[in-house]
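**Student:** This is the structure, below, for whatever I ask next.
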Amino acid sequence: MSQRDGGPAFPTVAKIEGGYIGMSLRDYFAGMALQGMLTLGPIAGQDHDIESQVQHCWRLADAMLKQRAATP
């Protein structure tokens, strides 16, 4: 399991050389954050270009992984 990506989001017994099959937990967290953001629609005062939104989702995913690692 990688510290950066949290390992597999949906672990399976199948494993490939150099990694695993499927998305990482970081990918899953970022996708869920994006899904939630998109349901809110425009928020006053927020930058709405797609690159900013995607970068924000990755920061949220990284924060979730950091908190997850710190929680006993």
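Note on naming: chains are A, B, ... as they come in the structure tokens, residues start from 1 per chain, ligands start from 1 in the order shown.
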Please identify all polymer residues within 12 Å of Phe10 (chain A), counting only C-alpha atoms, omitting same-chain residues fewer than 5 positions from it, and present them as a short mmCIF file (atom, residue, chain, number, x, y, z; two decimals) with C-alpha atoms, in the first residue's frame.

**Tutor:**
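Final file, part_29.cif:
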```
data_model
loop_
_atom_site.label_atom_id
_atom_site.label_comp_id
_atom_site.auth_asym_id
_atom_site.auth_seq_id
_atom_site.Cartn_x
_atom_site.Cartn_y
_atom_site.Cartn_z
CA TYR A 20 -2.96 -3.42 -7.83
CA ILE A 21 -5.99 -3.50 -10.09
CA GLY A 22 -8.44 -0.62 -9.91
CA MET A 23 -8.46 2.84 -8.44
CA SER A 24 -6.61 4.02 -5.37
CA LEU A 25 -8.33 5.21 -2.24
CA ARG A 26 -7.04 8.71 -3.09
CA ASP A 27 -8.76 8.52 -6.50
CA TYR A 28 -11.98 7.40 -4.83
#
```

**Student:** Could you give me, as number ranges by chain, the residues within 12 Å of Gly31 (chain A), counting only C-alpha atoms and dropping anything in the same chain fewer than 2 positions from it?

**Tutor:** A: 9, 23-29, 33-38, 53-61

**Student:** So how far away is CA of Gly6 (chain A) from CA of Arg68 (chain A), in Å?

**Tutor:**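 Taking CA of Arg68 (chain A) and CA of Gly6 (chain A), their separation equals 9.2 Å.
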